[in-house]
>>> print(open('coords-v1.cif').read())   # mmCIF, C-alpha atoms, pLDDT in the B column; chains and numbers go by the auth columns
data_final
#
loop_
_atom_site.group_PDB
_atom_site.id
_atom_site.type_symbol
_atom_site.label_atom_id
_atom_site.label_comp_id
_atom_site.label_asym_id
_atom_site.label_seq_id
_atom_site.Cartn_x
_atom_site.Cartn_y
_atom_site.Cartn_z
_atom_site.B_iso_or_equiv
_atom_site.auth_seq_id
_atom_site.auth_asym_id
ATOM 1 C CA MET A 1 9.252 -14.909 7.991 42.00 1 U
ATOM 2 C CA ARG A 2 7.437 -13.166 5.109 43.00 2 U
ATOM 3 C CA ALA A 3 6.073 -16.513 3.818 42.00 3 U
ATOM 4 C CA ALA A 4 4.760 -17.392 7.286 40.00 4 U
ATOM 5 C CA SER A 5 2.985 -14.033 7.445 39.00 5 U
ATOM 6 C CA ARG A 6 1.342 -14.645 4.065 36.00 6 U
ATOM 7 C CA ILE A 7 0.291 -18.156 5.135 36.00 7 U
ATOM 8 C CA ARG A 8 -1.340 -16.702 8.268 35.00 8 U
ATOM 9 C CA THR A 9 -3.114 -14.080 6.136 33.00 9 U
ATOM 10 C CA VAL A 10 -4.387 -16.683 3.650 34.00 10 U
ATOM 11 C CA GLY A 11 -5.448 -18.945 6.541 35.00 11 U
ATOM 12 C CA MET A 12 -7.358 -16.094 8.228 33.00 12 U
ATOM 13 C CA THR A 13 -9.022 -15.143 4.924 31.00 13 U
ATOM 14 C CA LEU A 14 -10.138 -18.750 4.377 30.00 14 U
ATOM 15 C CA ALA A 15 -11.422 -18.976 7.956 32.00 15 U
ATOM 16 C CA VAL A 16 -13.461 -15.762 7.585 30.00 16 U
ATOM 17 C CA ALA A 17 -14.872 -16.981 4.238 33.00 17 U
ATOM 18 C CA ALA A 18 -15.836 -20.351 5.780 31.00 18 U
ATOM 19 C CA MET A 19 -17.501 -18.614 8.731 30.00 19 U
ATOM 20 C CA ALA A 20 -19.500 -16.392 6.363 31.00 20 U
ATOM 21 C CA VAL A 21 -20.735 -19.429 4.421 32.00 21 U
ATOM 22 C CA LEU A 22 -21.701 -21.173 7.670 32.00 22 U
ATOM 23 C CA GLY A 23 -23.415 -18.035 9.006 34.00 23 U
ATOM 24 C CA VAL A 24 -20.974 -17.627 11.883 36.00 24 U
ATOM 25 C CA GLY A 25 -19.917 -14.120 12.976 35.00 25 U
ATOM 26 C CA SER A 26 -16.533 -12.685 12.090 32.00 26 U
ATOM 27 C CA PRO A 27 -13.649 -13.574 14.397 35.00 27 U
ATOM 28 C CA ALA A 28 -12.697 -10.825 16.833 38.00 28 U
ATOM 29 C CA ARG A 29 -9.037 -9.922 17.057 41.00 29 U
ATOM 30 C CA ALA A 30 -7.848 -9.812 20.665 43.00 30 U
ATOM 31 C CA ALA A 31 -6.589 -6.408 21.756 44.00 31 U
ATOM 32 C CA PRO A 32 -2.819 -6.237 22.137 44.00 32 U
ATOM 33 C CA PRO A 33 -2.101 -6.001 25.874 43.00 33 U
ATOM 34 C CA THR A 34 0.514 -3.263 25.513 51.00 34 U
ATOM 35 C CA TRP A 35 0.395 -2.254 21.831 63.00 35 U
ATOM 36 C CA ASN A 36 4.022 -3.178 21.546 74.00 36 U
ATOM 37 C CA GLY A 37 5.793 -4.121 18.372 84.00 37 U
ATOM 38 C CA ASN A 38 7.558 -2.708 15.354 90.00 38 U
ATOM 39 C CA ALA A 39 6.938 -1.926 11.725 94.00 39 U
ATOM 40 C CA TYR A 40 8.689 -0.561 8.673 96.00 40 U
ATOM 41 C CA VAL A 41 7.722 0.492 5.173 97.00 41 U
ATOM 42 C CA TRP A 42 9.348 1.530 1.911 96.00 42 U
ATOM 43 C CA ALA A 43 7.078 4.262 0.531 96.00 43 U
ATOM 44 C CA ASN A 44 7.858 3.719 -3.127 95.00 44 U
ATOM 45 C CA LEU A 45 5.161 5.852 -4.832 95.00 45 U
ATOM 46 C CA ALA A 46 6.401 9.416 -4.408 95.00 46 U
ATOM 47 C CA ALA A 47 3.650 10.945 -6.553 94.00 47 U
ATOM 48 C CA SER A 48 0.691 8.777 -5.508 95.00 48 U
ATOM 49 C CA THR A 49 -2.810 10.267 -5.736 96.00 49 U
ATOM 50 C CA VAL A 50 -3.390 12.857 -2.994 97.00 50 U
ATOM 51 C CA GLY A 51 -5.749 11.584 -0.298 96.00 51 U
ATOM 52 C CA THR A 52 -5.797 7.976 -1.524 97.00 52 U
ATOM 53 C CA PRO A 53 -4.007 5.435 0.695 97.00 53 U
ATOM 54 C CA TYR A 54 -1.892 2.825 -1.042 97.00 54 U
ATOM 55 C CA THR A 55 -0.334 -0.384 0.201 96.00 55 U
ATOM 56 C CA PRO A 56 3.399 -0.523 -0.540 95.00 56 U
ATOM 57 C CA SER A 57 4.803 -3.822 -1.796 92.00 57 U
ATOM 58 C CA LEU A 58 4.413 -6.525 0.858 93.00 58 U
ATOM 59 C CA ASP A 59 8.019 -7.527 0.136 94.00 59 U
ATOM 60 C CA TYR A 60 9.195 -4.154 1.465 95.00 60 U
ATOM 61 C CA GLN A 61 7.063 -3.624 4.542 96.00 61 U
ATOM 62 C CA TYR A 62 6.471 -5.373 7.855 95.00 62 U
ATOM 63 C CA ASN A 63 4.226 -5.012 10.886 94.00 63 U
ATOM 64 C CA SER A 64 4.727 -7.276 13.910 90.00 64 U
ATOM 65 C CA SER A 65 0.951 -7.289 14.496 88.00 65 U
ATOM 66 C CA GLY A 66 0.447 -9.004 11.140 91.00 66 U
ATOM 67 C CA ALA A 67 -1.437 -5.972 9.794 92.00 67 U
ATOM 68 C CA VAL A 68 -0.631 -4.189 6.534 95.00 68 U
ATOM 69 C CA ASN A 69 0.831 -0.662 6.631 96.00 69 U
ATOM 70 C CA THR A 70 -0.456 2.044 4.281 97.00 70 U
ATOM 71 C CA VAL A 71 0.877 5.363 2.957 98.00 71 U
ATOM 72 C CA THR A 72 -1.170 8.398 1.897 98.00 72 U
ATOM 73 C CA ARG A 73 0.210 11.479 0.150 98.00 73 U
ATOM 74 C CA THR A 74 -1.602 14.495 1.615 98.00 74 U
ATOM 75 C CA GLY A 75 0.107 17.198 -0.460 97.00 75 U
ATOM 76 C CA THR A 76 3.390 18.004 -2.178 97.00 76 U
ATOM 77 C CA GLY A 77 6.087 16.310 -0.113 97.00 77 U
ATOM 78 C CA THR A 78 3.718 15.443 2.753 98.00 78 U
ATOM 79 C CA TYR A 79 2.645 11.898 3.606 98.00 79 U
ATOM 80 C CA THR A 80 1.041 9.902 6.392 97.00 80 U
ATOM 81 C CA VAL A 81 2.135 6.368 7.176 97.00 81 U
ATOM 82 C CA ARG A 82 -0.356 4.224 9.090 95.00 82 U
ATOM 83 C CA PHE A 83 1.079 1.433 11.267 93.00 83 U
ATOM 84 C CA PRO A 84 -1.964 -0.528 12.553 91.00 84 U
ATOM 85 C CA TYR A 85 -2.233 -1.829 16.139 87.00 85 U
ATOM 86 C CA LEU A 86 1.044 -0.403 17.488 85.00 86 U
ATOM 87 C CA GLY A 87 -0.099 2.433 19.758 75.00 87 U
ATOM 88 C CA PRO A 88 1.240 6.014 20.002 72.00 88 U
ATOM 89 C CA TYR A 89 4.125 5.902 22.487 74.00 89 U
ATOM 90 C CA GLY A 90 7.068 4.459 20.567 81.00 90 U
ATOM 91 C CA THR A 91 9.821 5.969 18.481 86.00 91 U
ATOM 92 C CA ALA A 92 9.959 6.609 14.740 91.00 92 U
ATOM 93 C CA LEU A 93 12.625 7.072 12.081 93.00 93 U
ATOM 94 C CA VAL A 94 12.375 8.270 8.476 97.00 94 U
ATOM 95 C CA SER A 95 14.853 8.761 5.651 96.00 95 U
ATOM 96 C CA ALA A 96 14.685 9.745 1.982 96.00 96 U
ATOM 97 C CA TYR A 97 15.515 6.773 -0.236 95.00 97 U
ATOM 98 C CA GLY A 98 17.716 6.496 -3.300 90.00 98 U
ATOM 99 C CA THR A 99 20.395 8.593 -4.950 89.00 99 U
ATOM 100 C CA THR A 100 18.468 11.860 -4.617 88.00 100 U
ATOM 101 C CA ASP A 101 19.563 14.673 -2.318 92.00 101 U
ATOM 102 C CA ASP A 102 16.001 15.017 -0.970 95.00 102 U
ATOM 103 C CA ARG A 103 15.543 15.095 2.780 97.00 103 U
ATOM 104 C CA CYS A 104 12.616 13.582 4.648 97.00 104 U
ATOM 105 C CA LYS A 105 11.815 14.158 8.296 96.00 105 U
ATOM 106 C CA ILE A 106 9.142 13.315 10.819 94.00 106 U
ATOM 107 C CA GLY A 107 6.479 15.939 11.348 93.00 107 U
ATOM 108 C CA ASN A 108 4.858 14.048 14.232 90.00 108 U
ATOM 109 C CA TRP A 109 3.224 10.773 15.151 88.00 109 U
ATOM 110 C CA ILE A 110 -0.033 10.195 16.946 87.00 110 U
ATOM 111 C CA GLY A 111 -2.301 7.393 18.030 84.00 111 U
ATOM 112 C CA VAL A 112 -5.582 7.276 16.139 85.00 112 U
ATOM 113 C CA PRO A 113 -8.562 4.961 16.441 81.00 113 U
ATOM 114 C CA GLY A 114 -8.169 1.808 14.398 72.00 114 U
ATOM 115 C CA ALA A 115 -10.399 -1.237 14.483 68.00 115 U
ATOM 116 C CA PRO A 116 -12.651 -1.348 17.561 65.00 116 U
ATOM 117 C CA SER A 117 -10.560 -1.096 20.737 63.00 117 U
ATOM 118 C CA PHE A 118 -7.237 -0.769 18.895 72.00 118 U
ATOM 119 C CA THR A 119 -4.949 2.199 18.418 82.00 119 U
ATOM 120 C CA ASP A 120 -2.967 2.708 15.215 88.00 120 U
ATOM 121 C CA THR A 121 0.094 4.902 14.908 90.00 121 U
ATOM 122 C CA VAL A 122 0.005 7.515 12.151 93.00 122 U
ATOM 123 C CA LEU A 123 3.354 9.051 11.270 94.00 123 U
ATOM 124 C CA THR A 124 3.480 12.358 9.342 96.00 124 U
ATOM 125 C CA VAL A 125 6.441 12.602 6.949 98.00 125 U
ATOM 126 C CA ARG A 126 7.618 15.782 5.224 98.00 126 U
ATOM 127 C CA CYS A 127 10.118 15.709 2.349 98.00 127 U
ATOM 128 C CA TYR A 128 12.149 18.641 1.006 97.00 128 U
ATOM 129 C CA THR A 129 14.742 19.430 -1.627 96.00 129 U
ATOM 130 C CA ARG A 130 18.238 20.330 -0.494 94.00 130 U
ATOM 131 C CA LEU A 131 17.144 23.979 -0.690 95.00 131 U
ATOM 132 C CA GLY A 132 14.051 23.445 1.505 96.00 132 U
ATOM 133 C CA ALA A 133 11.207 23.326 -1.037 97.00 133 U
ATOM 134 C CA PRO A 134 8.577 20.581 -0.504 98.00 134 U
ATOM 135 C CA VAL A 135 9.120 17.669 -2.914 97.00 135 U
ATOM 136 C CA ASN A 136 7.489 14.309 -3.554 97.00 136 U
ATOM 137 C CA SER A 137 10.058 11.697 -2.582 97.00 137 U
ATOM 138 C CA VAL A 138 10.480 7.983 -2.035 97.00 138 U
ATOM 139 C CA PHE A 139 11.344 7.256 1.624 97.00 139 U
ATOM 140 C CA THR A 140 11.620 4.598 4.288 97.00 140 U
ATOM 141 C CA ALA A 141 9.937 4.813 7.692 97.00 141 U
ATOM 142 C CA SER A 142 10.049 2.634 10.779 95.00 142 U
ATOM 143 C CA TYR A 143 8.313 2.619 14.133 93.00 143 U
ATOM 144 C CA THR A 144 9.112 0.720 17.330 88.00 144 U
ATOM 145 C CA TYR A 145 7.275 0.476 20.614 81.00 145 U
ATOM 146 C CA PRO A 146 8.925 -2.160 22.798 74.00 146 U
ATOM 147 C CA GLY A 147 6.311 -1.933 25.571 62.00 147 U
ATOM 148 C CA THR A 148 6.731 -3.832 28.780 54.00 148 U
ATOM 149 C CA SER A 149 7.258 -7.254 27.209 54.00 149 U
ATOM 150 C CA ALA A 150 10.453 -6.299 25.372 50.00 150 U
ATOM 151 C CA GLY A 151 13.906 -7.507 26.261 59.00 151 U
ATOM 152 C CA ARG A 152 16.561 -4.821 26.679 63.00 152 U
ATOM 153 C CA ALA A 153 15.615 -1.635 24.848 66.00 153 U
ATOM 154 C CA ALA A 154 15.689 2.116 25.332 71.00 154 U
ATOM 155 C CA TYR A 155 14.870 5.261 23.415 71.00 155 U
ATOM 156 C CA LEU A 156 14.067 8.904 24.096 73.00 156 U
ATOM 157 C CA TRP A 157 13.165 12.099 22.315 71.00 157 U
ATOM 158 C CA ASN A 158 15.161 15.139 23.391 75.00 158 U
ATOM 159 C CA ASP A 159 12.412 17.718 23.763 78.00 159 U
ATOM 160 C CA GLN A 160 14.743 20.230 25.447 78.00 160 U
ATOM 161 C CA PRO A 161 17.498 20.911 22.880 77.00 161 U
ATOM 162 C CA SER A 162 18.270 24.367 24.308 82.00 162 U
ATOM 163 C CA SER A 163 19.010 23.207 27.866 80.00 163 U
ATOM 164 C CA ALA A 164 22.185 24.466 29.529 83.00 164 U
ATOM 165 C CA ILE A 165 25.382 22.598 28.616 83.00 165 U
ATOM 166 C CA GLY A 166 26.402 20.133 31.322 81.00 166 U
ATOM 167 C CA THR A 167 23.022 20.276 33.066 81.00 167 U
ATOM 168 C CA PRO A 168 21.197 16.926 33.291 82.00 168 U
ATOM 169 C CA ILE A 169 17.645 16.936 31.936 81.00 169 U
ATOM 170 C CA THR A 170 14.905 14.330 31.924 79.00 170 U
ATOM 171 C CA PRO A 171 13.126 14.377 28.545 78.00 171 U
ATOM 172 C CA SER A 172 9.358 13.935 28.306 78.00 172 U
ATOM 173 C CA LEU A 173 8.296 10.667 29.939 76.00 173 U
ATOM 174 C CA THR A 174 5.688 10.259 27.198 72.00 174 U
ATOM 175 C CA TYR A 175 8.365 9.782 24.527 71.00 175 U
ATOM 176 C CA GLN A 176 10.950 7.644 26.261 75.00 176 U
ATOM 177 C CA TYR A 177 11.320 4.072 27.387 72.00 177 U
ATOM 178 C CA ASN A 178 13.966 2.093 29.247 74.00 178 U
ATOM 179 C CA SER A 179 13.513 -1.612 29.920 69.00 179 U
ATOM 180 C CA THR A 180 16.084 -1.600 32.731 69.00 180 U
ATOM 181 C CA GLY A 181 14.218 0.688 35.086 67.00 181 U
ATOM 182 C CA SER A 182 12.305 3.874 35.651 61.00 182 U
ATOM 183 C CA PRO A 183 12.872 6.385 32.842 57.00 183 U
ATOM 184 C CA SER A 184 13.302 9.184 35.371 47.00 184 U
ATOM 185 C CA ASP A 185 16.237 7.263 36.884 43.00 185 U
ATOM 186 C CA SER A 186 17.742 5.876 33.694 44.00 186 U
ATOM 187 C CA ASN A 187 17.265 8.193 30.716 49.00 187 U
ATOM 188 C CA HIS A 188 19.066 11.459 31.333 52.00 188 U
ATOM 189 C CA LEU A 189 20.864 13.718 28.889 54.00 189 U
ATOM 190 C CA THR A 190 23.762 15.917 29.879 51.00 190 U
#
>>> encode(input="coords-v1.cif", output="structure tokens")
Amino acid sequence: MRAASRIRTVGMTLAVAAMAVLGVGSPARAAPPTWNGNAYVWANLAASTVGTPYTPSLDYQYNSSGAVNTVTRTGTGTYTVRFPYLGPYGTALVSAYGTTDDRCKIGNWIGVPGAPSFTDTVLTVRCYTRLGAPVNSVFTASYTYPGTSAGRAAYLWNDQPSSAIGTPITPSLTYQYNSTGSPSDSNHLT
């Protein structure tokens, strides 16, 4: 699958170069109908330059849109991961990587403007030592938004962790999805 992605990238690069030589405008990428898809990345440069995005090894990242993910360290132990073209309403996971006892967690994720008429997902990651001090760390991150074209899939974010025991709750409809029916009918926590 990785080789096919590189072939598509090389083919697109050659097509854009040929169009420039011929004086033809750049090809427009069609907007994803539902911004659905998935992506993952191994953020392997724990102490990268603050404020400068880097592209992790293409062998250890993926984006179903064909785009390339980037990581930016914004301070000690704080990073942003940009997943192009996937929209803001999916679910994310992050984990420290390696034999360290560091811990990494999600600060938040938001949709931000990408290329014209696209929305990228930007995930904020915060890493800490076992004692809670911010630390630069290698980590993995993934993001999934199945959208309406997915097969069977479901996820939710429990935004009400202090609800009464045994009382059903319906978590935020913004951060849940269930391909088998209406989230308000299908995704309950008790």
>>> resolve_selection(input="coords-v1.cif", expression="the PyMOL selection byres ((chain U and resi 56-70) around 7)", output="ChimeraX atom specification")
/U:5,37-44,53-55,71-72,81-85
>>> residues_near_point(input="coords-v1.cif", point="(7.4, 10.6, 11.5)", cutoff="6 Å", atoms="all atoms listed in the file", output="MDAnalysis selection string")
chainID U and resid 92 106:109 123:125
>>> closest_residue(input="coords-v1.cif", among="U:Thr121, U:Thr49, U:Thr174, U:Thr74", to="Thr144 of chain U", atoms="all atoms listed in the file")
U:Thr121
>>> resolve_selection(input="coords-v1.cif", expression="the PyMOL selection byres ((chain U and resi 77) around 10)", output="PyMOL selection string")
chain U and resi 46-47+73-76+78-79+103-104+125-129+133-138
>>> axis_aligned_box(input="coords-v1.cif", around="segment 126-140 of chain U", padding_each_side="6 Å", output="lines of an AutoDock Vina configuration file")
center_x = 12.9
center_y = 14.3
center_z = 0.8
size_x = 22.7
size_y = 31.4
size_z = 20.8
>>> closest_residue(input="coords-v1.cif", among="U:Lys105, U:Pro113, U:Thr119, U:Thr100", to="Gly87 of chain U", atoms="all atoms listed in the file")
U:Thr119
>>> atom_distance(input="coords-v1.cif", atom1="atom CA of Asn158 of chain U", atom2="atom CA of Tyr145 of chain U")
16.9 Å
